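K.L.:
First the structure, then my questions, so here it is.
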There are 6 protein chains.
Amino acid sequence: MGDKLRSLQTDTPEKGFELAVKLAQKGVEVTQPSEKIRKKLRPKYSTNADSLIAVSQVIAIHYQTVAAANNYWRVRVNY
Amino acid sequence: MGDKLRSLQTDTPEKGFELAVKLAQKGVEVTQPSEKIRKKLRPKYSTNADSLIAVSQVIAIHYQTVAAANNYWRVRVNY
Amino acid sequence: MGDKLRSLQTDTPEKGFELAVKLAQKGVEVTQPSEKIRKKLRPKYSTNADSLIAVSQVIAIHYQTVAAANNYWRVRVNY
Amino acid sequence: MGDKLRSLQTDTPEKGFELAVKLAQKGVEVTQPSEKIRKKLRPKYSTNADSLIAVSQVIAIHYQTVAAANNYWRVRVNY
Amino acid sequence: MGDKLRSLQTDTPEKGFELAVKLAQKGVEVTQPSEKIRKKLRPKYSTNADSLIAVSQVIAIHYQTVAAANNYWRVRVNY
Amino acid sequence: MGDKLRSLQTDTPEKGFELAVKLAQKGVEVTQPSEKIRKKLRPKYSTNADSLIAVSQVIAIHYQTVAAANNYWRVRVNY
C-alpha cells in the first residue's frame with residue numbers, strides 16, 4: 001500500500017481493521033513527521049493504559065469509516 | 001472466532017456487544033502487542049473510574065459500527 | 001431485560017435512553033466485573049464533574065445507536 | 001416536556017439544540033441523581049474551560065442524533 | 001443570524017464550518033451564560049494546545065452534522 | 001485551496017485525508033487566530049504522545065465527514 005491511501009475498500013473486516021490502524025498512525029505522522037521523535041515517545045505511551053485506550057478510540061473512529069466504506073462486508077467471507 | 005475478524009455480523013445484540021468489546025481490546029493489542037505488559041497495566045486501569053469510562057466509550061463507538069453492520073438486529077430475536 | 005441484550009428496539013425515546021445508560025454501564029462491567037470494586041469507585045466519580053460529563057458522553061454515543069435502531073421513534077408516541 | 005423524553009422531533013433547529021442540552025444533562029442526572037450534589041459541582045466545572053468544552057462535546061453528540069431525527073429540518077423554517 | 005439557530009443549511013462548506021464553530025460556542029454558552037466569565041477563561045484555554053485540540057474536536061463533531069444537513073454540498077460551488 | 005473551503009470532494013482517499021488534516025487545523029485556527037502563538041505551542045504538543053493522539057482523533061472525525069462526502073471513493077482509483 002505504501003504511504004499513500006489508495007482505497008478504503010478491503011477484502012475482509014480484518015484487513016479493514018489494519019487500515020484503520022494505519023489511518024490512526026497517519027494522523028499522528030502528519031502532525032509529528034519525525035520518525036525519530038515518534039519512536040522516542042513510544043515506550044511511554046505504549047505502557048500507559050490511558051494512552052493505549054485513547055489510541056484504541058482513534059482506531060475505532062476510523063474503523064467506522066472503513067466499515068461503512070465496505071458496506072460492513074455484509075456477505076460473510078470464506079477463508 | 002480466534003484473533004482474526006471474520007465478520008461484523010452477529011446473531012444477537014448481545015453477541016454484537018461482545019464483538020465491540022473484542023474490537024476495543026484489539027485496538028489496544030495492536031499498539032501494545034506484549035500480553036505481559038498489558039496484564040501488568042490491568043490492575044491500575046481496571047480500578048480507575050475514568051479509565052473504565054474511557055474503555056466503555058471505545059466499546060460504544062465500536063458498538064455503533066457493529067449495530068449498523070447488523071441493521072440493528074431489527075427483527076426481534078426469540079430465545 | 002436481565003443482563004442479556006435482547007433488542008435495541010424500545011417503545012419510547014425515554015426507554016431508549018434507559019437502554020443507552022445500561023449499555024454504558026455494561027461497557028464498564030465487562031472491563032471490571034467485580035461489583036464490589038465498581039461500588040467502591042462510585043462515590044468518587046459520581047461527585048466529580050469531569051467524570052460525570054464523561055459518563056454522559058458514553059451514554060450519548062450509545063443513544064445515537066439506539067435512536068437509529070428505532071428510526072428515531074419518528075411517529076410521535078401517545079401516553 | 002417534563003422529565004420524560006416524549007419525542008426527538010422539534011419544530012426548529014434551535015429547539016433541537018435545547019433538547020440536545022437536556023439530553024446531556026439527563027446523562028449526568030442518571031449517574032448523579034442528587035440535585036444537591038450536582039449544584040455543588042456546578043461552580044467549579046462552569047468556570048473551567050476544559051469542563052465547558054467537554055460539556056459542549058456531549059451536546060454536540062446529542063445534537064447529531066436530534067438533527068438526524070428531524071431530517072436536519074431541511075425545509076427552512078419561517079418565523 | 002443572531003443567537004437563534006434558524007437553519008443548518010448553508011450556501012458553502014466554508015459557511016458550514018462557521019456554523020459548526022458557532023454551535024460549539026453555543027454549547028459552552030448554555031452551560032456558562034456569563035460572557036464575563038467566558039472571556040476571563042479565554043486567555044488560558046486559547047494558549048493551551050490540548051484545550052485548542054479539544055475545541056477543534058467539538059467543531060469537528062458539529063461539522064459532521066452540518067455537512068450531512070447540506071448533503072455535503074455535493075455540487076461544487078462556483079465563486 | 002487557500003483558506004476557504006470550497007468543496008469536500010476530493011479525487012482520492014489520500015487527498016481526502018489531507019483535507020481532514022486541514023479541517024482539524026482550521027478548528028484550532030478559528031479559536032486561536034494568532035499564528036505566532038500557535039507556532040509557540042507546537043514544540044510542546046508535537047512531542048507529547050497524548051496530544052498527538054488527540055490531534056489524530058480530530059482528524060479521524062473529519063475524515064468520516066470527508067469520506068462520506070465522497071461516497072468513500074468507492075470506485076477504486078488508478079494512478
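Identifiers in the C-alpha cells: chain A, B, ... in order shown; residue index from 1 per chain; ligand index from 1 in order shown.
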Counting only C-alpha atoms, collect the residues of chain D whose closest atom lies at most 8 Å from chain E, and write them out as a list in words.
P.N.:
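Result, ordered by chain then number: Thr12, Pro13, Glu14, Val21, Ser46, Thr47, Asn48, Ala49, Asp50, Leu52, Ile53, Ala54, Val55, Ser56, Gln57, Ile59, Ala60, Ile61, Tyr63, Gln64, Ala67, Asn71, Tyr72, Trp73, Arg74, Arg76 and Val77 of chain D.
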K.L.:
Go ahead and dump the residues you just picked, N, CA and C atoms, as a PDB file, in the first residue's frame.
P.N.:
```pdb
ATOM      1  N   THR D  12     -37.891  23.396  15.357  1.00  0.00           N
ATOM      2  CA  THR D  12     -36.810  24.201  14.775  1.00  0.00           C
ATOM      3  C   THR D  12     -35.443  23.666  15.220  1.00  0.00           C
ATOM      4  N   PRO D  13     -34.385  24.041  14.476  1.00  0.00           N
ATOM      5  CA  PRO D  13     -33.016  23.692  14.889  1.00  0.00           C
ATOM      6  C   PRO D  13     -32.681  24.218  16.284  1.00  0.00           C
ATOM      7  N   GLU D  14     -33.236  25.355  16.613  1.00  0.00           N
ATOM      8  CA  GLU D  14     -32.993  25.944  17.937  1.00  0.00           C
ATOM      9  C   GLU D  14     -33.589  25.083  19.049  1.00  0.00           C
ATOM     10  N   VAL D  21     -29.184  19.778  24.754  1.00  0.00           N
ATOM     11  CA  VAL D  21     -28.678  20.217  26.058  1.00  0.00           C
ATOM     12  C   VAL D  21     -29.342  19.408  27.175  1.00  0.00           C
ATOM     13  N   SER D  46     -18.290  24.977  35.785  1.00  0.00           N
ATOM     14  CA  SER D  46     -18.790  26.044  34.907  1.00  0.00           C
ATOM     15  C   SER D  46     -17.817  27.211  34.795  1.00  0.00           C
ATOM     16  N   THR D  47     -16.739  27.122  35.528  1.00  0.00           N
ATOM     17  CA  THR D  47     -15.691  28.142  35.409  1.00  0.00           C
ATOM     18  C   THR D  47     -14.375  27.506  34.970  1.00  0.00           C
ATOM     19  N   ASN D  48     -14.478  26.280  34.496  1.00  0.00           N
ATOM     20  CA  ASN D  48     -13.286  25.577  33.994  1.00  0.00           C
ATOM     21  C   ASN D  48     -13.444  25.337  32.498  1.00  0.00           C
ATOM     22  N   ALA D  49     -12.548  25.919  31.728  1.00  0.00           N
ATOM     23  CA  ALA D  49     -12.697  25.869  30.268  1.00  0.00           C
ATOM     24  C   ALA D  49     -12.753  24.437  29.735  1.00  0.00           C
ATOM     25  N   ASP D  50     -11.894  23.569  30.234  1.00  0.00           N
ATOM     26  CA  ASP D  50     -11.875  22.209  29.711  1.00  0.00           C
ATOM     27  C   ASP D  50     -13.167  21.456  30.020  1.00  0.00           C
ATOM     28  N   LEU D  52     -16.085  22.909  30.350  1.00  0.00           N
ATOM     29  CA  LEU D  52     -17.104  23.515  29.471  1.00  0.00           C
ATOM     30  C   LEU D  52     -16.996  22.968  28.054  1.00  0.00           C
ATOM     31  N   ILE D  53     -15.777  22.776  27.594  1.00  0.00           N
ATOM     32  CA  ILE D  53     -15.573  22.209  26.259  1.00  0.00           C
ATOM     33  C   ILE D  53     -16.096  20.771  26.231  1.00  0.00           C
ATOM     34  N   ALA D  54     -15.860  20.045  27.318  1.00  0.00           N
ATOM     35  CA  ALA D  54     -16.333  18.659  27.388  1.00  0.00           C
ATOM     36  C   ALA D  54     -17.865  18.592  27.376  1.00  0.00           C
ATOM     37  N   VAL D  55     -18.499  19.507  28.092  1.00  0.00           N
ATOM     38  CA  VAL D  55     -19.975  19.565  28.071  1.00  0.00           C
ATOM     39  C   VAL D  55     -20.447  19.872  26.655  1.00  0.00           C
ATOM     40  N   SER D  56     -19.787  20.822  26.018  1.00  0.00           N
ATOM     41  CA  SER D  56     -20.153  21.210  24.654  1.00  0.00           C
ATOM     42  C   SER D  56     -20.039  20.010  23.705  1.00  0.00           C
ATOM     43  N   GLN D  57     -19.068  19.144  23.982  1.00  0.00           N
ATOM     44  CA  GLN D  57     -18.891  17.960  23.144  1.00  0.00           C
ATOM     45  C   GLN D  57     -20.063  16.979  23.305  1.00  0.00           C
ATOM     46  N   ILE D  59     -23.068  17.728  24.171  1.00  0.00           N
ATOM     47  CA  ILE D  59     -24.206  18.365  23.488  1.00  0.00           C
ATOM     48  C   ILE D  59     -24.094  18.140  21.975  1.00  0.00           C
ATOM     49  N   ALA D  60     -22.887  18.262  21.459  1.00  0.00           N
ATOM     50  CA  ALA D  60     -22.666  18.084  20.014  1.00  0.00           C
ATOM     51  C   ALA D  60     -23.052  16.680  19.561  1.00  0.00           C
ATOM     52  N   ILE D  61     -22.710  15.695  20.377  1.00  0.00           N
ATOM     53  CA  ILE D  61     -23.047  14.307  20.027  1.00  0.00           C
ATOM     54  C   ILE D  61     -24.564  14.131  20.023  1.00  0.00           C
ATOM     55  N   TYR D  63     -26.703  16.448  19.588  1.00  0.00           N
ATOM     56  CA  TYR D  63     -27.299  17.261  18.513  1.00  0.00           C
ATOM     57  C   TYR D  63     -27.251  16.502  17.183  1.00  0.00           C
ATOM     58  N   GLN D  64     -26.225  15.679  17.002  1.00  0.00           N
ATOM     59  CA  GLN D  64     -26.203  14.824  15.806  1.00  0.00           C
ATOM     60  C   GLN D  64     -27.445  13.942  15.763  1.00  0.00           C
ATOM     61  N   ALA D  67     -30.673  16.145  15.276  1.00  0.00           N
ATOM     62  CA  ALA D  67     -30.736  16.685  13.915  1.00  0.00           C
ATOM     63  C   ALA D  67     -31.117  15.592  12.909  1.00  0.00           C
ATOM     64  N   ASN D  71     -34.500  15.014  10.328  1.00  0.00           N
ATOM     65  CA  ASN D  71     -34.074  15.116   8.932  1.00  0.00           C
ATOM     66  C   ASN D  71     -33.430  16.478   8.661  1.00  0.00           C
ATOM     67  N   TYR D  72     -32.725  16.953   9.674  1.00  0.00           N
ATOM     68  CA  TYR D  72     -31.956  18.207   9.600  1.00  0.00           C
ATOM     69  C   TYR D  72     -32.831  19.427   9.310  1.00  0.00           C
ATOM     70  N   TRP D  73     -34.118  19.323   9.649  1.00  0.00           N
ATOM     71  CA  TRP D  73     -35.030  20.463   9.439  1.00  0.00           C
ATOM     72  C   TRP D  73     -34.807  21.039   8.039  1.00  0.00           C
ATOM     73  N   ARG D  74     -34.769  20.161   7.034  1.00  0.00           N
ATOM     74  CA  ARG D  74     -34.311  20.586   5.707  1.00  0.00           C
ATOM     75  C   ARG D  74     -35.146  21.684   5.071  1.00  0.00           C
ATOM     76  N   ARG D  76     -36.528  25.112   5.210  1.00  0.00           N
ATOM     77  CA  ARG D  76     -36.188  26.284   6.002  1.00  0.00           C
ATOM     78  C   ARG D  76     -37.431  26.803   6.729  1.00  0.00           C
ATOM     79  N   VAL D  77     -37.305  26.992   8.019  1.00  0.00           N
ATOM     80  CA  VAL D  77     -38.466  27.452   8.786  1.00  0.00           C
ATOM     81  C   VAL D  77     -38.635  28.963   8.672  1.00  0.00           C
TER      82      VAL D  77
END
```
K.L.:
If you run DSSP over the backbone, which residues in chain D end up alpha helix (DSSP H)? Put them as an MDAnalysis selection string.
P.N.:
chainID D and resid 13:31 35:45 49:69
